[in-house]
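See below for the structure under consideration.
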Amino acid sequence: MNGSSPEDFEPAMRLALAEAVRAGQRGEVPVGAVVVDRNGTVVSAAGNDREASGDPTAHAEVLALRAAAEAAGQWRLAGCTLLVTLEPCTMCAGAAVLARVDRVVYGAADEKAGAAGSLWDVIRDRRLNHRPEVVMGVLADESAAVLRDFFADRRP
């Protein structure tokens, strides 16, 4: 997928948003992720699953990367793009770097834990041997609204 503008990523990000909504309906923090290959074909999709699985690493990004690696038959995901509704945390940013994805695209910024430019910039850290391109703000308002609505329903 050779997107030249943020709008090029909107169709795949809408799939990630659908995963986020499904996660929220299951009581998970509504974050969704999709991995697409260089042609824009969806390789994997996932939503957060920490609560149901009891796995602290079951973030949408990690689950989508694992499924993509399984589908590809290898851990190197060169040529792939990871799209996620919320800016990746340090764990997920590190996983994207280690998976060798070409690009990370995210919707809403995460000022409290974001590691793709907000709080940290793990993905583009020059000390690492792989630095995916980062595209931020794709369907940011929609992504933020899903999170805002989820937490509004849970606060007194």
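Just so we're on the same page: first chain in the structure tokens is A, next is B, and so on; residues restart at 1 for each chain, and ligands are numbered from 1 in the order they show up.
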TODO: List the neighbours of region 24-26 of chain A out to 12 Å using only C-alpha atoms; skip same-chain residues closer than 6 positions along the sequence, and give me the result as a VMD selection string.
DONE: chain A and resid 17 to 18 32 47 to 53 60 146 to 151 153 to 154
Can you list, as a compact mmCIF listing (two decimals) with N, CA and C atoms, in the first residue's frame, every protein, DNA or RNA residue that comes within 8 Å of region 79-82 of chain A when you count only C-alpha atoms, leaving out same-chain residues fewer than 6 positions away?
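Listed below is the output, selection30.txt:
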# COMPACT_ATOMS: atom_id res chain seq x y z
N MET A 1 0.86 -1.18 0.00
CA MET A 1 0.00 0.00 0.00
C MET A 1 0.89 1.22 0.00
N ALA A 33 -7.09 -2.52 15.27
CA ALA A 33 -5.91 -2.46 14.40
C ALA A 33 -6.11 -3.38 13.20
N VAL A 34 -5.51 -2.99 12.09
CA VAL A 34 -5.56 -3.74 10.85
C VAL A 34 -4.16 -3.73 10.25
N VAL A 35 -3.75 -4.85 9.68
CA VAL A 35 -2.52 -4.90 8.90
C VAL A 35 -2.91 -5.15 7.45
N VAL A 36 -2.37 -4.32 6.56
CA VAL A 36 -2.60 -4.48 5.13
C VAL A 36 -1.25 -4.68 4.43
N ASP A 37 -1.29 -5.42 3.32
CA ASP A 37 -0.07 -5.62 2.56
C ASP A 37 0.16 -4.45 1.61
N ARG A 38 1.19 -4.54 0.82
CA ARG A 38 1.56 -3.41 -0.06
C ARG A 38 0.49 -3.09 -1.09
N GLU A 61 -2.90 -3.90 18.38
CA GLU A 61 -1.76 -3.91 17.48
C GLU A 61 -0.98 -5.22 17.55
N LEU A 65 -0.57 -7.84 14.55
CA LEU A 65 0.77 -8.19 14.05
C LEU A 65 1.02 -9.69 14.15
N ALA A 96 5.82 -2.95 16.38
CA ALA A 96 5.76 -2.54 14.97
C ALA A 96 7.17 -2.42 14.39
N VAL A 101 7.39 -3.54 9.87
CA VAL A 101 6.36 -2.97 9.00
C VAL A 101 6.93 -1.72 8.34
N ASP A 102 6.43 -1.40 7.16
CA ASP A 102 6.90 -0.21 6.45
C ASP A 102 6.32 1.07 7.03
N ARG A 103 5.11 0.96 7.59
CA ARG A 103 4.38 2.16 7.96
C ARG A 103 3.45 1.87 9.12
N VAL A 104 3.30 2.86 9.99
CA VAL A 104 2.30 2.83 11.06
C VAL A 104 1.39 4.04 10.85
N VAL A 105 0.10 3.78 10.76
CA VAL A 105 -0.90 4.82 10.56
C VAL A 105 -1.82 4.80 11.77
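For the set A:Gly137, A:Gly40, A:Pro132, A:Gly27, the residue with the smallest atom-to-atom gap to Leu86 (chain A) is A:Gly137, counting only C-alpha atoms.
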Task: Among the residues A:Ser5, A:Ser143, A:Asn129, A:Ser44, the one that comes closest to Gly94 (chain A) [using only C-alpha atoms] - done: A:Asn129
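Between Ala69 (chain A) and the residues A:Met136, A:Arg124, A:Arg100, A:Val21, the shortest atom-to-atom distance, using only C-alpha atoms, involves A:Arg100.
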- [ ] Just the residues within 12 Å of Gly107 (chain A), please, counting only C-alpha atoms, with nothing from its chain fewer than 3 positions along; format it as an MDAnalysis selection string.
- [x] chainID A and resid 6:7 9:10 12:14 16:17 20 31:33 82:88 104 110 114 116 134:147
With N, CA and C atoms kept, could you save the residues just selected as an mmCIF file, in the first residue's frame?
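So the final result, stored in again15.cif, reads:
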data_model
loop_
_atom_site.group_PDB
_atom_site.id
_atom_site.type_symbol
_atom_site.label_atom_id
_atom_site.label_comp_id
_atom_site.auth_asym_id
_atom_site.auth_seq_id
_atom_site.Cartn_x
_atom_site.Cartn_y
_atom_site.Cartn_z
ATOM 1 N N PRO A 6 -3.078 10.997 3.715
ATOM 2 C CA PRO A 6 -3.858 10.343 4.779
ATOM 3 C C PRO A 6 -5.193 9.773 4.295
ATOM 4 N N GLU A 7 -5.814 10.425 3.319
ATOM 5 C CA GLU A 7 -7.106 9.943 2.820
ATOM 6 C C GLU A 7 -6.996 8.555 2.195
ATOM 7 N N PHE A 9 -5.620 6.085 3.366
ATOM 8 C CA PHE A 9 -5.686 5.076 4.410
ATOM 9 C C PHE A 9 -7.065 4.972 5.065
ATOM 10 N N GLU A 10 -7.978 5.853 4.686
ATOM 11 C CA GLU A 10 -9.290 5.875 5.340
ATOM 12 C C GLU A 10 -10.071 4.568 5.226
ATOM 13 N N ALA A 12 -9.068 1.411 5.091
ATOM 14 C CA ALA A 12 -8.524 0.435 6.041
ATOM 15 C C ALA A 12 -8.720 0.909 7.479
ATOM 16 N N MET A 13 -8.632 2.213 7.704
ATOM 17 C CA MET A 13 -8.846 2.724 9.060
ATOM 18 C C MET A 13 -10.297 2.526 9.483
ATOM 19 N N ARG A 14 -11.226 2.569 8.552
ATOM 20 C CA ARG A 14 -12.624 2.293 8.899
ATOM 21 C C ARG A 14 -12.789 0.852 9.362
ATOM 22 N N ALA A 16 -10.424 -0.770 10.977
ATOM 23 C CA ALA A 16 -9.869 -0.723 12.331
ATOM 24 C C ALA A 16 -10.886 -0.124 13.306
ATOM 25 N N LEU A 17 -11.608 0.894 12.860
ATOM 26 C CA LEU A 17 -12.656 1.485 13.707
ATOM 27 C C LEU A 17 -13.752 0.466 14.016
ATOM 28 N N ALA A 20 -12.512 -1.645 16.699
ATOM 29 C CA ALA A 20 -12.543 -0.909 17.971
ATOM 30 C C ALA A 20 -13.943 -0.934 18.570
ATOM 31 N N VAL A 31 -10.034 -0.111 20.995
ATOM 32 C CA VAL A 31 -8.941 0.154 20.068
ATOM 33 C C VAL A 31 -8.941 -0.981 19.059
ATOM 34 N N GLY A 32 -8.817 -0.615 17.796
ATOM 35 C CA GLY A 32 -8.776 -1.606 16.721
ATOM 36 C C GLY A 32 -7.552 -1.408 15.860
ATOM 37 N N ALA A 33 -7.087 -2.517 15.268
ATOM 38 C CA ALA A 33 -5.913 -2.465 14.401
ATOM 39 C C ALA A 33 -6.110 -3.377 13.200
ATOM 40 N N LEU A 82 0.615 -1.101 9.343
ATOM 41 C CA LEU A 82 -0.207 -1.303 10.536
ATOM 42 C C LEU A 82 -1.039 -0.045 10.728
ATOM 43 N N LEU A 83 -2.361 -0.213 10.748
ATOM 44 C CA LEU A 83 -3.271 0.909 11.004
ATOM 45 C C LEU A 83 -3.928 0.669 12.347
ATOM 46 N N VAL A 84 -3.990 1.682 13.176
ATOM 47 C CA VAL A 84 -4.566 1.549 14.509
ATOM 48 C C VAL A 84 -5.323 2.815 14.872
ATOM 49 N N THR A 85 -6.417 2.654 15.590
ATOM 50 C CA THR A 85 -7.281 3.784 15.895
ATOM 51 C C THR A 85 -6.704 4.733 16.936
ATOM 52 N N LEU A 86 -5.786 4.232 17.758
ATOM 53 C CA LEU A 86 -5.161 5.052 18.805
ATOM 54 C C LEU A 86 -3.654 4.940 18.661
ATOM 55 N N GLU A 87 -2.971 6.036 18.838
ATOM 56 C CA GLU A 87 -1.511 6.039 18.763
ATOM 57 C C GLU A 87 -0.933 4.906 19.606
ATOM 58 N N PRO A 88 -0.033 4.113 19.046
ATOM 59 C CA PRO A 88 0.532 2.978 19.783
ATOM 60 C C PRO A 88 1.282 3.393 21.047
ATOM 61 N N VAL A 104 3.296 2.864 9.989
ATOM 62 C CA VAL A 104 2.295 2.834 11.057
ATOM 63 C C VAL A 104 1.394 4.038 10.845
ATOM 64 N N ASP A 110 -2.425 9.903 21.528
ATOM 65 C CA ASP A 110 -2.524 9.509 22.936
ATOM 66 C C ASP A 110 -1.478 10.294 23.717
ATOM 67 N N GLY A 114 1.253 7.750 24.245
ATOM 68 C CA GLY A 114 1.609 7.577 22.843
ATOM 69 C C GLY A 114 3.104 7.509 22.605
ATOM 70 N N ALA A 116 4.416 7.266 19.319
ATOM 71 C CA ALA A 116 4.654 7.530 17.899
ATOM 72 C C ALA A 116 4.658 9.029 17.649
ATOM 73 N N VAL A 134 5.542 7.100 9.744
ATOM 74 C CA VAL A 134 4.383 7.327 10.615
ATOM 75 C C VAL A 134 3.442 8.304 9.925
ATOM 76 N N VAL A 135 2.176 7.914 9.849
ATOM 77 C CA VAL A 135 1.124 8.791 9.328
ATOM 78 C C VAL A 135 0.113 8.943 10.453
ATOM 79 N N MET A 136 -0.067 10.150 10.918
ATOM 80 C CA MET A 136 -0.944 10.360 12.078
ATOM 81 C C MET A 136 -2.207 11.116 11.701
ATOM 82 N N GLY A 137 -3.236 10.914 12.520
ATOM 83 C CA GLY A 137 -4.445 11.703 12.389
ATOM 84 C C GLY A 137 -5.461 11.209 11.379
ATOM 85 N N VAL A 138 -5.324 9.987 10.887
ATOM 86 C CA VAL A 138 -6.290 9.464 9.913
ATOM 87 C C VAL A 138 -7.576 9.081 10.655
ATOM 88 N N LEU A 139 -8.662 9.727 10.310
ATOM 89 C CA LEU A 139 -9.958 9.565 10.987
ATOM 90 C C LEU A 139 -9.806 9.781 12.499
ATOM 91 N N ALA A 140 -9.018 10.769 12.848
ATOM 92 C CA ALA A 140 -8.732 11.049 14.256
ATOM 93 C C ALA A 140 -9.984 11.373 15.062
ATOM 94 N N ASP A 141 -10.863 12.189 14.516
ATOM 95 C CA ASP A 141 -12.067 12.574 15.256
ATOM 96 C C ASP A 141 -12.956 11.374 15.539
ATOM 97 N N GLU A 142 -13.138 10.515 14.529
ATOM 98 C CA GLU A 142 -13.969 9.317 14.710
ATOM 99 C C GLU A 142 -13.334 8.368 15.722
ATOM 100 N N SER A 143 -12.008 8.215 15.636
ATOM 101 C CA SER A 143 -11.297 7.335 16.560
ATOM 102 C C SER A 143 -11.405 7.846 18.000
ATOM 103 N N ALA A 144 -11.230 9.138 18.173
ATOM 104 C CA ALA A 144 -11.326 9.727 19.509
ATOM 105 C C ALA A 144 -12.743 9.624 20.048
ATOM 106 N N ALA A 145 -13.737 9.783 19.181
ATOM 107 C CA ALA A 145 -15.135 9.711 19.620
ATOM 108 C C ALA A 145 -15.481 8.333 20.163
ATOM 109 N N VAL A 146 -14.986 7.287 19.534
ATOM 110 C CA VAL A 146 -15.254 5.927 20.018
ATOM 111 C C VAL A 146 -14.714 5.763 21.437
ATOM 112 N N LEU A 147 -13.517 6.252 21.673
ATOM 113 C CA LEU A 147 -12.918 6.164 23.014
ATOM 114 C C LEU A 147 -13.664 7.045 24.007
#
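Among the candidates A:Leu119, A:Cys92, A:Leu128, A:Leu98, the residue lying nearest to Val62 (chain A) is A:Cys92 (atoms considered: only C-alpha atoms).
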I'd like the contact shell of Ala71 (chain A) - 9 Å cut-off, only C-alpha atoms, skipping same-chain residues fewer than 3 positions apart - returned as a PDB file with C-alpha atoms, in the first residue's frame.
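Ended up saving to part_0.pdb:
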ATOM      1  CA  VAL A  43      -3.941  -9.440   6.134  1.00  0.00           C
ATOM      2  CA  SER A  44      -5.305  -9.301   9.684  1.00  0.00           C
ATOM      3  CA  ARG A  66       0.770 -11.765  15.403  1.00  0.00           C
ATOM      4  CA  ALA A  67      -2.041 -12.770  13.059  1.00  0.00           C
ATOM      5  CA  ALA A  68      -0.332 -11.089  10.097  1.00  0.00           C
ATOM      6  CA  GLN A  74       7.220 -15.233   8.912  1.00  0.00           C
TER       7      GLN A  74
END
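Between CA of Thr90 (chain A) and CA of Asp125 (chain A) the interatomic distance comes to 11.8 Å.
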Task: Point-to-point distance from CA of Ser118 (chain A) to CA of Cys89 (chain A), Å rounded to tenths - done: 9.9 Å
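Selecting strand (DSSP E or B) from the backbone DSSP output for region 56-88 of chain A yields A:Thr81, A:Leu82, A:Leu83, A:Val84, A:Thr85, A:Leu86.
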